[in-house]
Structure formats: structure tokens, C-alpha cells
Amino acid sequence: MKKTTFLNVITFGLFYLYSKNKSKKKYVNSSDKLYTSDKPLISVSDFVNDLGGKDNILDSSATISSLLVILKDINKIKIDLKSITKKYQAKGFVISGKNKIRFLFGDNSKAICQKMK
């Protein structure tokens, strides 16, 4: 009786350790890398022209998911902002202040910003 109980404990103990070790390996293999686009998926020159041209853009910066554009005059934008978001497949936009617009392009934002400069 003691021998079978001892063997059962050893068998289930080994199975427990094996399954625990296997789950750790799966967790360790998960990727911590963050991927962004290298090439813009839109025509950046058309985008700049729709924002009033290169002379109207004071500065631009990008985060992982959005593009911030600082303009001289927001009234020089050639078409309305909703049309710009549809035309260039942006997820949306936010106007902050008198001359700052943040477009939500996702992981394509940094590539667009680099091409604008």
C-alpha cells in the first residue's frame, strides 16, 4: 500500500513539474519586440499639399501610433479634416490648440513623419 502511494506521488509530482516547466518555456518564448512600418503607406507629398503645403507646416513629430503636425495657419488646409482622414486612411484626428493636429495613423506614423521632413 505504501509503495503504490509513493509511486503515485512520484508519478504525479513528475507530471506536475514537467507541465510547469513546459508552460514557463511558452511564456519565455513570447516576443517583446514592437514592429513599425518603414515605408509610408500614403502619398506624403499629397498629404503635405492638402495641409496647405510645406510652408504651412512648422513642425511634425510622431509617436508609435500618432502624427502631430503643427501648422502656421489651420485655415490654409485645402480640404476638411474628415476628408483627409478618409483619403489617407487615418483612424481619426484630434485638434489641440489653435494650430496643432494629431492624426492617428497607427504604426505608420513614424514613417510618414520621417518622409515629411
# chains A, B, ... in the order shown; residues from 1 in each chain; ligands from 1

call {"tool": "residues_around", "arguments": {"residues": "A:Lys86", "least_positions_apart": "4", "cutoff": "12 Å", "atoms": "only C-alpha atoms", "output": "PyMOL selection string"}}
result
chain A and resi 42+47+79-82+90-93+103-105

call {"tool": "residues_around", "arguments": {"residues": "A:Leu58", "least_positions_apart": "4", "cutoff": "8 Å", "atoms": "only C-alpha atoms", "output": "PyMOL selection string"}}
result
chain A and resi 69-72

call {"tool": "write_last_selection", "arguments": {"atoms": "C-alpha atoms", "output": "CSV table (one decimal), in the first residue's frame"}}
result
chain,number,residue,atom,x,y,z
A,69,VAL,CA,1.5,68.4,-37.1
A,70,ILE,CA,2.0,72.0,-36.0
A,71,LEU,CA,0.7,74.4,-38.7
A,72,LYS,CA,1.2,78.1,-39.2

call {"tool": "closest_residue", "arguments": {"among": "A:Leu41, A:Leu67, A:Ile77, A:Ala111", "to": "A:Asp55", "atoms": "only C-alpha atoms"}}
result
A:Ile77

call {"tool": "closest_residue", "arguments": {"among": "A:Gly53, A:Ser37, A:Gln114, A:Asp59", "to": "A:Asn99", "atoms": "only C-alpha atoms"}}
result
A:Asp59

call {"tool": "closest_residue", "arguments": {"among": "A:Tyr16, A:Ser43, A:Asp38, A:Asp73", "to": "A:Ser109", "atoms": "only C-alpha atoms"}}
result
A:Asp38

call {"tool": "select_by_dssp", "arguments": {"residues": "stretch 66-105 of chain A", "states": "helix (DSSP H, G or I)", "output": "MDAnalysis selection string"}}
result
chainID A and resid 74:76 81:87

call {"tool": "closest_residue", "arguments": {"among": "A:Asp107, A:Lys39, A:Ser83, A:Cys113", "to": "A:Ser60", "atoms": "only C-alpha atoms"}}
result
A:Cys113

call {"tool": "closest_residue", "arguments": {"among": "A:Ile64, A:Ile84, A:Ile112, A:Leu51", "to": "A:Lys100", "atoms": "only C-alpha atoms"}}
result
A:Leu51

call {"tool": "closest_residue", "arguments": {"among": "A:Asp50, A:Ile74, A:Lys87, A:Lys115", "to": "A:Ile101", "atoms": "only C-alpha atoms"}}
result
A:Ile74

call {"tool": "atom_distance", "arguments": {"atom1": "atom CA of A:Tyr88", "atom2": "atom CA of A:Val44"}}
result
9.2 Å
